[in-house]
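*Asks:* So here's run-v7.cif (mmCIF, N, CA and C atoms).
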```
data_run
#
loop_
_atom_site.label_atom_id
_atom_site.label_comp_id
_atom_site.auth_asym_id
_atom_site.auth_seq_id
_atom_site.Cartn_x
_atom_site.Cartn_y
_atom_site.Cartn_z
N MET A 1 -1.36 231.89 101.40
CA MET A 1 -1.02 230.98 102.47
C MET A 1 -1.12 231.64 103.83
N SER A 2 -1.98 232.60 103.95
CA SER A 2 -2.07 233.31 105.21
C SER A 2 -3.14 232.70 106.12
N ASP A 3 -3.58 231.46 105.84
CA ASP A 3 -4.53 230.81 106.72
C ASP A 3 -3.81 230.26 107.94
N SER A 4 -4.44 229.32 108.63
CA SER A 4 -3.85 228.82 109.87
C SER A 4 -2.68 227.87 109.64
N THR A 5 -2.40 227.51 108.40
CA THR A 5 -1.28 226.62 108.10
C THR A 5 0.02 227.31 108.44
N SER A 6 0.88 226.60 109.14
CA SER A 6 2.17 227.17 109.53
C SER A 6 3.20 226.93 108.47
N SER A 7 4.20 227.84 108.41
CA SER A 7 5.31 227.62 107.48
C SER A 7 6.17 226.46 107.93
N ASN A 8 5.85 225.89 109.10
CA ASN A 8 6.58 224.71 109.59
C ASN A 8 5.76 223.43 109.47
N ASP A 9 4.60 223.47 108.79
CA ASP A 9 3.86 222.24 108.60
C ASP A 9 4.70 221.30 107.73
N PRO A 10 4.44 219.99 107.78
CA PRO A 10 5.33 219.04 107.08
C PRO A 10 5.56 219.33 105.59
N PRO A 11 4.53 219.64 104.79
CA PRO A 11 4.84 219.93 103.37
C PRO A 11 5.72 221.17 103.20
N SER A 12 5.45 222.23 103.96
CA SER A 12 6.28 223.44 103.84
C SER A 12 7.70 223.18 104.29
N ALA A 13 7.85 222.47 105.41
CA ALA A 13 9.19 222.18 105.91
C ALA A 13 9.95 221.30 104.92
N LEU A 14 9.31 220.29 104.37
CA LEU A 14 9.96 219.41 103.39
C LEU A 14 10.34 220.21 102.14
N GLY A 15 9.45 221.05 101.67
CA GLY A 15 9.75 221.88 100.50
C GLY A 15 10.95 222.78 100.75
N ARG A 16 11.01 223.40 101.94
CA ARG A 16 12.15 224.27 102.26
C ARG A 16 13.43 223.46 102.37
N ILE A 17 13.37 222.25 102.91
CA ILE A 17 14.57 221.40 103.00
C ILE A 17 15.08 221.06 101.61
N LEU A 18 14.19 220.67 100.70
CA LEU A 18 14.60 220.32 99.34
C LEU A 18 15.16 221.54 98.61
N TYR A 19 14.49 222.68 98.72
CA TYR A 19 14.92 223.92 98.08
C TYR A 19 16.28 224.33 98.66
N SER A 20 16.39 224.32 99.97
CA SER A 20 17.63 224.73 100.63
C SER A 20 18.78 223.77 100.34
N GLY A 21 18.48 222.50 100.20
CA GLY A 21 19.54 221.56 99.84
C GLY A 21 20.16 221.89 98.50
N THR A 22 19.32 222.25 97.55
CA THR A 22 19.83 222.65 96.23
C THR A 22 20.67 223.91 96.33
N LEU A 23 20.17 224.90 97.07
CA LEU A 23 20.91 226.16 97.21
C LEU A 23 22.22 225.96 97.99
N ALA A 24 22.19 225.10 99.01
CA ALA A 24 23.41 224.83 99.77
C ALA A 24 24.46 224.19 98.85
N TYR A 25 24.04 223.25 98.03
CA TYR A 25 24.97 222.62 97.09
C TYR A 25 25.56 223.67 96.16
N MET A 26 24.71 224.57 95.65
CA MET A 26 25.18 225.61 94.74
C MET A 26 26.21 226.51 95.43
N ALA A 27 25.93 226.89 96.68
CA ALA A 27 26.85 227.79 97.40
C ALA A 27 28.16 227.09 97.72
N ILE A 28 28.11 225.87 98.21
CA ILE A 28 29.33 225.14 98.55
C ILE A 28 30.17 224.90 97.30
N ASP A 29 29.50 224.52 96.22
CA ASP A 29 30.21 224.33 94.95
C ASP A 29 30.82 225.65 94.48
N GLY A 30 30.10 226.74 94.70
CA GLY A 30 30.62 228.05 94.33
C GLY A 30 31.90 228.40 95.08
N PHE A 31 31.91 228.11 96.38
CA PHE A 31 33.12 228.37 97.17
C PHE A 31 34.28 227.46 96.74
N LYS A 32 33.97 226.20 96.48
CA LYS A 32 35.01 225.25 96.06
C LYS A 32 35.61 225.62 94.71
N ASN A 33 34.81 226.18 93.84
CA ASN A 33 35.25 226.51 92.49
C ASN A 33 35.29 228.02 92.27
N ASN A 34 35.67 228.75 93.31
CA ASN A 34 35.65 230.21 93.26
C ASN A 34 36.48 230.75 92.10
N GLU A 35 37.70 230.24 91.92
CA GLU A 35 38.57 230.78 90.87
C GLU A 35 37.94 230.62 89.49
N LYS A 36 37.36 229.45 89.24
CA LYS A 36 36.71 229.21 87.95
C LYS A 36 35.51 230.15 87.78
N ARG A 37 34.75 230.34 88.83
CA ARG A 37 33.57 231.21 88.75
C ARG A 37 33.97 232.67 88.56
N VAL A 38 35.06 233.06 89.19
CA VAL A 38 35.56 234.42 89.00
C VAL A 38 35.94 234.62 87.52
N GLU A 39 36.60 233.62 86.94
CA GLU A 39 36.99 233.72 85.52
C GLU A 39 35.77 233.81 84.61
N VAL A 40 34.74 232.99 84.89
CA VAL A 40 33.51 233.03 84.09
C VAL A 40 32.87 234.41 84.22
N ALA A 41 32.81 234.92 85.44
CA ALA A 41 32.22 236.24 85.66
C ALA A 41 33.03 237.32 84.95
N ARG A 42 34.35 237.21 85.02
CA ARG A 42 35.21 238.19 84.35
C ARG A 42 34.95 238.17 82.85
N SER A 43 34.88 236.97 82.27
CA SER A 43 34.65 236.87 80.82
C SER A 43 33.25 237.33 80.42
N SER A 44 32.33 237.37 81.39
CA SER A 44 30.97 237.86 81.12
C SER A 44 30.84 239.35 81.36
N GLY A 45 31.95 239.99 81.76
CA GLY A 45 31.92 241.43 81.94
C GLY A 45 31.49 241.90 83.32
N VAL A 46 31.46 241.00 84.29
CA VAL A 46 31.08 241.38 85.65
C VAL A 46 32.20 242.23 86.25
N PRO A 47 31.87 243.40 86.80
CA PRO A 47 32.92 244.23 87.41
C PRO A 47 33.44 243.61 88.71
N VAL A 48 34.69 243.82 88.99
CA VAL A 48 35.40 243.30 90.19
C VAL A 48 34.93 241.89 90.60
N PRO A 49 35.02 240.94 89.68
CA PRO A 49 34.50 239.61 89.97
C PRO A 49 35.20 238.92 91.13
N GLU A 50 36.47 239.27 91.38
CA GLU A 50 37.19 238.63 92.49
C GLU A 50 36.56 239.01 93.84
N HIS A 51 35.78 240.08 93.89
CA HIS A 51 35.07 240.47 95.11
C HIS A 51 33.59 240.10 95.04
N LEU A 52 32.97 240.32 93.89
CA LEU A 52 31.54 240.07 93.77
C LEU A 52 31.18 238.59 93.82
N VAL A 53 31.99 237.74 93.19
CA VAL A 53 31.65 236.32 93.16
C VAL A 53 31.60 235.72 94.57
N PRO A 54 32.64 235.88 95.40
CA PRO A 54 32.52 235.32 96.75
C PRO A 54 31.44 236.02 97.58
N PHE A 55 31.21 237.32 97.34
CA PHE A 55 30.17 238.02 98.08
C PHE A 55 28.79 237.43 97.77
N VAL A 56 28.46 237.28 96.48
CA VAL A 56 27.12 236.76 96.15
C VAL A 56 27.00 235.29 96.51
N THR A 57 28.09 234.55 96.50
CA THR A 57 28.04 233.16 96.94
C THR A 57 27.74 233.10 98.44
N GLY A 58 28.36 233.98 99.20
CA GLY A 58 28.07 234.07 100.63
C GLY A 58 26.63 234.51 100.88
N MET A 59 26.16 235.46 100.07
CA MET A 59 24.77 235.91 100.18
C MET A 59 23.82 234.75 99.92
N LEU A 60 24.13 233.94 98.92
CA LEU A 60 23.31 232.77 98.61
C LEU A 60 23.27 231.82 99.80
N LEU A 61 24.41 231.56 100.42
CA LEU A 61 24.47 230.64 101.55
C LEU A 61 23.69 231.18 102.74
N VAL A 62 23.89 232.42 103.10
CA VAL A 62 23.21 233.01 104.26
C VAL A 62 21.70 233.09 104.03
N ALA A 63 21.30 233.54 102.85
CA ALA A 63 19.87 233.63 102.53
C ALA A 63 19.24 232.23 102.57
N ASN A 64 19.97 231.26 102.08
CA ASN A 64 19.50 229.88 102.10
C ASN A 64 19.23 229.42 103.52
N LEU A 65 20.13 229.72 104.44
CA LEU A 65 19.93 229.32 105.84
C LEU A 65 18.71 230.02 106.43
N GLY A 66 18.49 231.27 106.05
CA GLY A 66 17.30 231.98 106.51
C GLY A 66 16.02 231.31 106.04
N ILE A 67 16.01 230.81 104.83
CA ILE A 67 14.83 230.09 104.31
C ILE A 67 14.69 228.75 105.01
N LEU A 68 15.78 228.01 105.14
CA LEU A 68 15.73 226.69 105.77
C LEU A 68 15.15 226.78 107.18
N PHE A 69 15.62 227.73 107.97
CA PHE A 69 15.19 227.86 109.36
C PHE A 69 14.05 228.86 109.54
N TRP A 70 13.60 229.45 108.44
CA TRP A 70 12.51 230.43 108.41
C TRP A 70 12.77 231.56 109.40
N LYS A 71 13.99 232.10 109.32
CA LYS A 71 14.41 233.26 110.11
C LYS A 71 14.63 234.41 109.13
N TYR A 72 14.03 235.53 109.41
CA TYR A 72 14.08 236.68 108.51
C TYR A 72 13.72 236.25 107.09
N PRO A 73 12.56 235.59 106.94
CA PRO A 73 12.23 235.01 105.62
C PRO A 73 12.06 236.04 104.51
N ARG A 74 11.54 237.23 104.83
CA ARG A 74 11.40 238.24 103.76
C ARG A 74 12.77 238.69 103.26
N ALA A 75 13.67 238.98 104.19
CA ALA A 75 15.03 239.40 103.79
C ALA A 75 15.74 238.27 103.07
N SER A 76 15.57 237.05 103.55
CA SER A 76 16.24 235.90 102.94
C SER A 76 15.72 235.64 101.53
N ALA A 77 14.40 235.60 101.38
CA ALA A 77 13.83 235.37 100.05
C ALA A 77 14.15 236.54 99.12
N GLY A 78 14.13 237.76 99.65
CA GLY A 78 14.48 238.92 98.84
C GLY A 78 15.91 238.85 98.35
N ALA A 79 16.82 238.40 99.21
CA ALA A 79 18.23 238.24 98.81
C ALA A 79 18.35 237.19 97.71
N LEU A 80 17.57 236.12 97.80
CA LEU A 80 17.60 235.10 96.75
C LEU A 80 17.09 235.65 95.43
N VAL A 81 16.04 236.46 95.48
CA VAL A 81 15.52 237.08 94.26
C VAL A 81 16.62 237.95 93.64
N VAL A 82 17.27 238.76 94.44
CA VAL A 82 18.35 239.61 93.94
C VAL A 82 19.47 238.75 93.35
N PHE A 83 19.84 237.67 94.04
CA PHE A 83 20.88 236.78 93.54
C PHE A 83 20.53 236.25 92.16
N PHE A 84 19.35 235.67 92.01
CA PHE A 84 18.98 235.05 90.74
C PHE A 84 18.75 236.07 89.63
N VAL A 85 18.16 237.21 89.95
CA VAL A 85 17.94 238.23 88.93
C VAL A 85 19.28 238.81 88.46
N GLY A 86 20.22 238.95 89.38
CA GLY A 86 21.53 239.51 89.03
C GLY A 86 22.45 238.56 88.31
N THR A 87 22.49 237.32 88.76
CA THR A 87 23.48 236.39 88.20
C THR A 87 23.00 235.61 86.98
N THR A 88 21.74 235.27 86.93
CA THR A 88 21.26 234.37 85.87
C THR A 88 21.50 234.91 84.46
N PRO A 89 21.03 236.10 84.13
CA PRO A 89 21.26 236.56 82.74
C PRO A 89 22.71 236.94 82.47
N ALA A 90 23.45 237.32 83.51
CA ALA A 90 24.84 237.74 83.30
C ALA A 90 25.76 236.54 83.06
N ILE A 91 25.51 235.44 83.75
CA ILE A 91 26.41 234.29 83.69
C ILE A 91 25.91 233.22 82.71
N HIS A 92 24.62 233.03 82.62
CA HIS A 92 24.07 231.97 81.76
C HIS A 92 23.41 232.57 80.51
N ASP A 93 24.13 233.43 79.82
CA ASP A 93 23.62 234.09 78.61
C ASP A 93 23.76 233.15 77.41
N PHE A 94 23.00 232.07 77.46
CA PHE A 94 23.08 231.00 76.46
C PHE A 94 22.81 231.50 75.05
N TRP A 95 22.05 232.58 74.92
CA TRP A 95 21.69 233.12 73.60
C TRP A 95 22.90 233.68 72.85
N THR A 96 24.03 233.83 73.54
CA THR A 96 25.25 234.30 72.88
C THR A 96 26.21 233.15 72.58
N MET A 97 25.78 231.92 72.83
CA MET A 97 26.68 230.75 72.75
C MET A 97 26.21 229.79 71.68
N ASP A 98 27.08 228.81 71.39
CA ASP A 98 26.77 227.76 70.42
C ASP A 98 27.04 226.39 71.02
N GLY A 99 26.47 225.38 70.39
CA GLY A 99 26.78 223.99 70.70
C GLY A 99 26.48 223.56 72.13
N LYS A 100 27.38 222.72 72.67
CA LYS A 100 27.19 222.18 74.01
C LYS A 100 27.20 223.26 75.08
N GLU A 101 28.02 224.29 74.87
CA GLU A 101 28.06 225.40 75.84
C GLU A 101 26.70 226.08 75.90
N ARG A 102 26.06 226.26 74.75
CA ARG A 102 24.73 226.87 74.71
C ARG A 102 23.72 226.01 75.45
N GLN A 103 23.74 224.72 75.17
CA GLN A 103 22.78 223.80 75.81
C GLN A 103 22.98 223.75 77.32
N SER A 104 24.22 223.65 77.77
CA SER A 104 24.51 223.60 79.20
C SER A 104 24.06 224.87 79.90
N ASN A 105 24.33 226.01 79.30
CA ASN A 105 23.94 227.28 79.92
C ASN A 105 22.44 227.50 79.85
N LYS A 106 21.78 226.99 78.81
CA LYS A 106 20.32 227.10 78.76
C LYS A 106 19.69 226.31 79.90
N ILE A 107 20.21 225.12 80.16
CA ILE A 107 19.70 224.30 81.27
C ILE A 107 19.90 225.03 82.60
N ASN A 108 21.10 225.58 82.82
CA ASN A 108 21.36 226.31 84.06
C ASN A 108 20.52 227.58 84.17
N PHE A 109 20.31 228.26 83.06
CA PHE A 109 19.45 229.44 83.04
C PHE A 109 18.04 229.06 83.48
N LEU A 110 17.49 228.00 82.87
CA LEU A 110 16.13 227.59 83.20
C LEU A 110 16.02 227.08 84.64
N LYS A 111 17.04 226.37 85.13
CA LYS A 111 17.06 225.94 86.53
C LYS A 111 17.00 227.15 87.45
N ASN A 112 17.80 228.16 87.13
CA ASN A 112 17.81 229.37 87.96
C ASN A 112 16.48 230.10 87.90
N ILE A 113 15.83 230.10 86.74
CA ILE A 113 14.51 230.74 86.63
C ILE A 113 13.51 230.01 87.52
N ALA A 114 13.57 228.68 87.56
CA ALA A 114 12.68 227.92 88.44
C ALA A 114 12.98 228.24 89.91
N LEU A 115 14.26 228.33 90.26
CA LEU A 115 14.63 228.67 91.63
C LEU A 115 14.21 230.11 91.97
N LEU A 116 14.29 231.01 91.01
CA LEU A 116 13.80 232.37 91.20
C LEU A 116 12.30 232.35 91.48
N GLY A 117 11.57 231.55 90.74
CA GLY A 117 10.13 231.42 90.98
C GLY A 117 9.83 230.95 92.39
N GLY A 118 10.62 229.98 92.86
CA GLY A 118 10.45 229.51 94.24
C GLY A 118 10.74 230.61 95.24
N ALA A 119 11.78 231.40 95.01
CA ALA A 119 12.12 232.50 95.91
C ALA A 119 11.00 233.53 95.94
N ILE A 120 10.40 233.81 94.79
CA ILE A 120 9.29 234.77 94.73
C ILE A 120 8.10 234.24 95.53
N MET A 121 7.80 232.95 95.43
CA MET A 121 6.70 232.37 96.21
C MET A 121 7.00 232.44 97.71
N LEU A 122 8.25 232.17 98.09
CA LEU A 122 8.62 232.26 99.50
C LEU A 122 8.52 233.70 100.00
N LEU A 123 8.95 234.63 99.18
CA LEU A 123 8.84 236.05 99.54
C LEU A 123 7.37 236.43 99.75
N ASP A 124 6.50 235.96 98.87
CA ASP A 124 5.07 236.24 98.99
C ASP A 124 4.51 235.62 100.26
N GLU A 125 4.90 234.38 100.56
CA GLU A 125 4.41 233.73 101.78
C GLU A 125 4.85 234.50 103.03
N ALA A 126 6.12 234.89 103.06
CA ALA A 126 6.63 235.63 104.22
C ALA A 126 5.90 236.98 104.35
N ALA A 127 5.65 237.64 103.24
CA ALA A 127 4.96 238.93 103.28
C ALA A 127 3.52 238.75 103.75
N ASP A 128 2.86 237.70 103.26
CA ASP A 128 1.48 237.43 103.68
C ASP A 128 1.38 237.20 105.18
N ARG A 129 2.42 236.59 105.74
CA ARG A 129 2.42 236.28 107.17
C ARG A 129 2.98 237.42 108.02
N GLY A 130 3.48 238.46 107.35
CA GLY A 130 4.07 239.58 108.08
C GLY A 130 5.36 239.22 108.77
N GLU A 131 6.09 238.28 108.19
CA GLU A 131 7.34 237.81 108.83
C GLU A 131 8.55 238.44 108.23
#
```
Give the structure from this file in structure tokens form.
*Replies:*
Amino acid sequence: MSDSTSSNDPPSALGRILYSGTLAYMAIDGFKNNEKRVEVARSSGVPVPEHLVPFVTGMLLVANLGILFWKYPRASAGALVVFFVGTTPAIHDFWTMDGKERQSNKINFLKNIALLGGAIMLLDEAADRGE
């Protein structure tokens, strides 16, 4: 995408709005349900979850804003990659679960993998543009 097309052309801007809307919902929901998320992280063996969970939720929100407004896009997309690579297998380890819990976590795992793919594409676009 290093041709004359801008990262602010209508399809790119619309794509970033849709992507960022999903991430904003995830971050706001994370803050609203912090105690529950801390417990899930604790039960998954995450160290100091009472500190890490709000930290990574804040990282998700800030990185999301960077993508939405295309400010520091490499750092923002890189932070999203780190977020999804770090949290997805630790929290949505569906392969260790049964029944409805397994199915629910498999769906969330796959959703996060798709969002990770989007972050990787955004990182590549930002790198191609030298931004």
*Asks:* Atom CA of A:Thr57 to atom CA of A:Ser76: how many Å, to one decimal?
*Replies:* 13.5 Å
*Asks:* Of the candidates A:Ala75, A:Met59, A:Ala127, A:Leu115, which one gets nearest to A:Gly21 if we count only C-alpha atoms?
*Replies:* A:Leu115
*Asks:* Looking at A:Phe69, A:Tyr19, A:Phe109, A:Tyr25, which one is nearest to A:Phe94, with distances taken over all atoms listed in the file?
*Replies:*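 Closest candidate: A:Phe109.
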*Asks:* Which residue is closest to A:Leu60? Choose from A:Ala27, A:Ala126, A:Ala13, A:Ile120 and count all atoms listed in the file.
*Replies:*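 Once distances to A:Leu60 are computed over all atoms listed in the file, the minimum belongs to A:Ala27.
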*Asks:* Do you know which residues the PyMOL selection byres (((chain A and resi 64-68 and name CA) around 10) and name CA) returns on this file, as a PyMOL selection string?
*Replies:* chain A and resi 13-24+27+58-63+69-77+79-80+119+122-123+126
*Asks:* Which value, in Å to one decimal, gives the distance between atom CA of A:Ala114 and atom CA of A:Gly30?
*Replies:*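 Calculated distance between atom CA of A:Ala114 and atom CA of A:Gly30 is 18.9 Å.
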*Asks:* Please provide as a ChimeraX atom specification all residues within 8 Å of stretch 41-44 of chain A, with the sequence filter that same-chain residues fewer than 4 positions apart are discarded (counting only N, CA and C atoms).
*Replies:* /A:35-37,48-50,53,90-91
*Asks:* Mind the document's chain letters and residue numbers, and return as a PyMOL selection string the residues of chain A that DSSP labels alpha helix (DSSP H).
*Replies:* chain A and resi 10-32+34-43+49-69+73-91+99-129
*Asks:* Which is closer to A:Val46 than all the others in A:Thr87, A:Asn112, A:Asn33, A:Ser12, using only C-alpha atoms?
*Replies:* A:Thr87
*Asks:* I need the residue nearest A:Thr88 from this list: A:Asn108, A:Asn34, A:Gln103, A:Asn8. Use only C-alpha atoms for the distance.
*Replies:* A:Asn108
